[in-house]
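Single-structure report; data block below.
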Amino acid sequence: MLAELTLADAAEAGIRLARPEDDAAIHAVLVAGIFTLCRAAYGDAIVEAWAARRIPGLQDVIADGRFFVAETSGEVVAIGGWSPESPDLAWIRALFVAPPLAGHGLGPRILAEVERRAGGRGRTRFGARAGLNAVSFYARQGYREIERGPLELDTGLVMEHVLMWKGAR
Ligand SMILES: CC(C)(COP(=O)(O)OP(=O)(O)OC[C@H]1O[C@@H](n2cnc3c(N)ncnc32)[C@H](O)[C@@H]1OP(=O)(O)O)[C@@H](O)C(=O)NCCC(=O)NCCS
């Protein structure tokens with residue numbers, strides 16, 4: 001259970017490639033993260049619409065070896081992946097930490113692994129559409145803010161996000 005995690009679990013978590021059967025656990029971390037870590041920045045209506053979305057094409061991303069999970073005690077506690085935008089550019093996707101373990105370095109670890117694995121497949125530049133709550137996090141990981149813009153959810157609600165960039169533009 002995500003709710004029963006302790007801080008020792010953050011330190012002990014190992015990062016591995018996601019498997020097809022991780023789908024439910026991945027979405028559980030995503031939904032918990034949206035509701036708990038993003039609500040203050042966006043409010044109830046937006047987090048509810050956001051949490052209702054599945055990660056587009058997740059099974060294909062997993063099959064292509066571009067999605068990772070951090071796991072401890074058999075529990076998925078952080079997630080993240082990348083998409084190939086061009087031969088040298090990767091988009092960071094769905095980077096989330098289980099709320100009980102937020103703020104203890106798992107986000108930087110899984111982001112570093114995503115970048116390392118994308119780097120192994122030729123990517124030297126990284127883009128991220130950061131939620132407002134994640135801008136300072138990405139900035140600490142070497143991303144710079146490019147522009148703020150609207151992102152329309154399926155319900156028609158619009159959430160502001162920030163395009164962040166690492167590497168040559
Ligand atoms: C953004 C995120 C991936 C960072 O991962 P992390 O493991 O928490 O990263 P860090 O350990 O470096 O800590 C990040 C922040 O958590 C804060 N923090 C500390 N204790 C915390 C706690 N108990 N609960 C929540 N945040 C806490 C830190 O002060 C730091 O704040 P800042 O980035 O505003 O300066 C994670 O917080 C998360 O999943 N957020 C929700 C999803 C999200 O916004 N993803 C980004 C793509 S849009």
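Following the order of the structure tokens, chains are lettered A, B, ..., residues in each are numbered from 1, and ligands are numbered from 1.
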
Mind checking DSSP for chain A and telling me the strand (DSSP E) residues as a count of residues only? 56

Ligand 1: which residues are within 10 Å, counting only C-alpha atoms and all ligand atoms? Reply as a ChimeraX atom specification. /A:7,10,29-39,41,77-80,92-111,128-141,161-162

Keeping only C-alpha atoms, write those residues as a short mmCIF file (atom, residue, chain, number, x, y, z; two decimals), in the first residue's frame.
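Okay, this is what ended up in again.cif:
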```
data_model
loop_
_atom_site.label_atom_id
_atom_site.label_comp_id
_atom_site.auth_asym_id
_atom_site.auth_seq_id
_atom_site.Cartn_x
_atom_site.Cartn_y
_atom_site.Cartn_z
CA LEU A 7 11.31 6.94 4.33
CA ALA A 10 12.85 5.85 -0.60
CA VAL A 29 1.31 6.47 -8.41
CA LEU A 30 0.19 8.91 -11.10
CA VAL A 31 -3.27 9.46 -9.61
CA ALA A 32 -1.99 9.73 -6.03
CA GLY A 33 0.67 12.21 -7.17
CA ILE A 34 -1.81 14.37 -9.06
CA PHE A 35 -4.26 14.53 -6.17
CA THR A 36 -1.72 15.01 -3.41
CA LEU A 37 1.22 16.89 -4.91
CA CYS A 38 -0.48 18.97 -7.62
CA ARG A 39 -3.75 20.00 -5.99
CA ALA A 41 -1.13 24.45 -7.64
CA VAL A 77 6.97 4.16 -5.70
CA ALA A 78 8.08 6.37 -8.60
CA ILE A 79 7.57 6.40 -12.35
CA GLY A 80 8.92 8.15 -15.43
CA ILE A 92 10.28 13.49 -20.36
CA ARG A 93 6.94 11.83 -19.59
CA ALA A 94 4.88 11.14 -16.48
CA LEU A 95 7.54 11.73 -13.84
CA PHE A 96 5.83 11.09 -10.48
CA VAL A 97 6.80 10.03 -6.99
CA ALA A 98 4.40 8.35 -4.56
CA PRO A 99 3.31 11.17 -2.22
CA PRO A 100 4.53 9.59 1.07
CA LEU A 101 8.05 9.53 -0.38
CA ALA A 102 8.07 12.95 -2.07
CA GLY A 103 10.90 15.27 -1.18
CA HIS A 104 13.46 12.53 -0.51
CA GLY A 105 15.41 12.34 -3.75
CA LEU A 106 13.49 9.71 -5.69
CA GLY A 107 12.42 12.18 -8.39
CA PRO A 108 16.01 13.23 -9.14
CA ARG A 109 17.08 9.57 -9.22
CA ILE A 110 14.44 8.40 -11.66
CA LEU A 111 14.86 11.49 -13.85
CA ALA A 128 9.63 18.58 -20.17
CA ARG A 129 6.16 20.05 -19.78
CA ALA A 130 6.36 20.79 -16.10
CA GLY A 131 3.39 21.29 -13.87
CA LEU A 132 3.57 24.56 -11.92
CA ASN A 133 4.45 22.59 -8.78
CA ALA A 134 7.43 20.92 -10.53
CA VAL A 135 9.19 23.97 -12.01
CA SER A 136 11.66 24.41 -9.15
CA PHE A 137 12.35 20.66 -9.18
CA TYR A 138 13.25 20.65 -12.89
CA ALA A 139 15.30 23.84 -12.44
CA ARG A 140 17.38 22.07 -9.78
CA GLN A 141 17.97 19.21 -12.24
CA HIS A 161 2.25 24.34 -17.68
CA VAL A 162 5.84 25.37 -18.24
#
```

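The space separating CA of Gly122 (chain A) from CA of Pro87 (chain A) comes to 6.6 Å.
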
Report the distance between CA of Arg53 (chain A) and CA of Glu21 (chain A) in Å, rounded to one decimal place.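 Computing it gives 18.5 Å between the two atoms.
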
Atom pair CA of Leu153 (chain A) / CA of Gly57 (chain A): separation (Å):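 Going from CA of Leu153 (chain A) over to CA of Gly57 (chain A) covers 16.5 Å.
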
Ala18 (chain A): which residues within 12 Å, counting only C-alpha atoms, same-chain residues fewer than 4 positions away excluded, as a PyMOL selection string? chain A and resi 14+22-26+58-71+76+78-81+114

Just the selected residues (N, CA and C atoms), exported as a CSV table (one decimal), in the first residue's frame, please.
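What follows is the written file out-v8.csv:
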```csv
chain,number,residue,atom,x,y,z
A,14,GLY,N,14.9,0.5,-5.9
A,14,GLY,CA,15.7,0.3,-7.1
A,14,GLY,C,14.9,0.6,-8.3
A,22,ASP,N,2.9,-3.8,-14.9
A,22,ASP,CA,3.0,-2.6,-13.9
A,22,ASP,C,1.9,-1.6,-14.2
A,23,ASP,N,1.1,-1.7,-15.2
A,23,ASP,CA,0.2,-0.7,-15.6
A,23,ASP,C,-0.6,-0.1,-14.5
A,24,ALA,N,-1.3,-1.0,-13.7
A,24,ALA,CA,-2.1,-0.5,-12.6
A,24,ALA,C,-1.3,0.2,-11.5
A,25,ALA,N,-0.2,-0.3,-11.2
A,25,ALA,CA,0.7,0.3,-10.2
A,25,ALA,C,1.2,1.7,-10.6
A,26,ILE,N,1.5,1.8,-11.9
A,26,ILE,CA,2.0,3.0,-12.5
A,26,ILE,C,0.9,4.1,-12.4
A,58,LEU,N,0.9,4.1,-23.1
A,58,LEU,CA,1.8,3.6,-22.1
A,58,LEU,C,2.4,2.2,-22.5
A,59,GLN,N,1.5,1.3,-22.9
A,59,GLN,CA,2.0,0.0,-23.2
A,59,GLN,C,3.0,0.0,-24.3
A,60,ASP,N,2.9,0.8,-25.3
A,60,ASP,CA,3.8,0.9,-26.4
A,60,ASP,C,5.2,1.5,-25.8
A,61,VAL,N,5.1,2.5,-25.0
A,61,VAL,CA,6.3,3.1,-24.4
A,61,VAL,C,7.0,2.0,-23.6
A,62,ILE,N,6.3,1.2,-22.8
A,62,ILE,CA,6.9,0.1,-22.0
A,62,ILE,C,7.5,-0.9,-23.0
A,63,ALA,N,6.8,-1.3,-24.0
A,63,ALA,CA,7.3,-2.3,-24.9
A,63,ALA,C,8.6,-1.8,-25.6
A,64,ASP,N,8.7,-0.5,-25.8
A,64,ASP,CA,9.9,0.1,-26.4
A,64,ASP,C,11.0,0.4,-25.4
A,65,GLY,N,10.8,0.0,-24.2
A,65,GLY,CA,11.9,0.2,-23.2
A,65,GLY,C,12.2,1.6,-22.8
A,66,ARG,N,11.1,2.4,-22.8
A,66,ARG,CA,11.3,3.8,-22.5
A,66,ARG,C,10.5,4.3,-21.2
A,67,PHE,N,10.1,3.3,-20.4
A,67,PHE,CA,9.4,3.7,-19.2
A,67,PHE,C,10.0,2.9,-18.0
A,68,PHE,N,10.2,3.6,-16.9
A,68,PHE,CA,10.9,3.1,-15.7
A,68,PHE,C,10.1,3.2,-14.4
A,69,VAL,N,10.3,2.3,-13.5
A,69,VAL,CA,9.7,2.4,-12.2
A,69,VAL,C,10.8,2.3,-11.1
A,70,ALA,N,10.5,3.0,-10.0
A,70,ALA,CA,11.3,2.7,-8.8
A,70,ALA,C,10.5,1.8,-8.0
A,71,GLU,N,11.1,0.8,-7.4
A,71,GLU,CA,10.3,-0.2,-6.7
A,71,GLU,C,11.0,-0.5,-5.4
A,76,VAL,N,5.6,-0.2,-6.4
A,76,VAL,CA,6.1,0.8,-7.3
A,76,VAL,C,5.9,2.2,-6.6
A,78,ALA,N,7.8,5.2,-7.7
A,78,ALA,CA,8.1,6.4,-8.6
A,78,ALA,C,8.1,5.9,-10.0
A,79,ILE,N,7.7,6.8,-10.9
A,79,ILE,CA,7.6,6.4,-12.3
A,79,ILE,C,8.1,7.5,-13.2
A,80,GLY,N,8.5,7.1,-14.5
A,80,GLY,CA,8.9,8.2,-15.4
A,80,GLY,C,9.4,7.5,-16.7
A,81,GLY,N,9.3,8.2,-17.8
A,81,GLY,CA,9.7,7.7,-19.1
A,81,GLY,C,10.0,8.8,-20.0
A,114,VAL,N,16.1,8.1,-16.4
A,114,VAL,CA,15.4,8.3,-17.7
A,114,VAL,C,16.4,9.0,-18.7
```

Contact residues around Leu163 (chain A) with only C-alpha atoms at 9 Å, ignoring same-chain residues under 5 positions, as a list in words: Gly127, Ala128, Arg129, Ala130, Arg144, Glu145, Ile146, Glu147, Arg148 and Gly149 of chain A

When you count only C-alpha atoms, which of these residues is closest to Leu5 (chain A): A:Pro150, A:Gly120, A:Gly156, A:Gly74? A:Gly74

If you run DSSP on the backbone, which residues of region 49-94 of chain A are helix (DSSP H, G or I), as an NGL selection string? :A and (49-51 or 58-63)

Okay, now the selection with C-alpha atoms, as a short mmCIF file (atom, residue, chain, number, x, y, z; two decimals), in the first residue's frame?
```cif
data_model
loop_
_atom_site.label_atom_id
_atom_site.label_comp_id
_atom_site.auth_asym_id
_atom_site.auth_seq_id
_atom_site.Cartn_x
_atom_site.Cartn_y
_atom_site.Cartn_z
CA ALA A 49 -9.83 15.93 -14.90
CA TRP A 50 -6.07 15.32 -15.06
CA ALA A 51 -6.23 12.19 -12.88
CA LEU A 58 1.83 3.59 -22.10
CA GLN A 59 1.98 -0.05 -23.22
CA ASP A 60 3.85 0.94 -26.39
CA VAL A 61 6.28 3.08 -24.38
CA ILE A 62 6.87 0.13 -22.02
CA ALA A 63 7.32 -2.29 -24.94
#
```
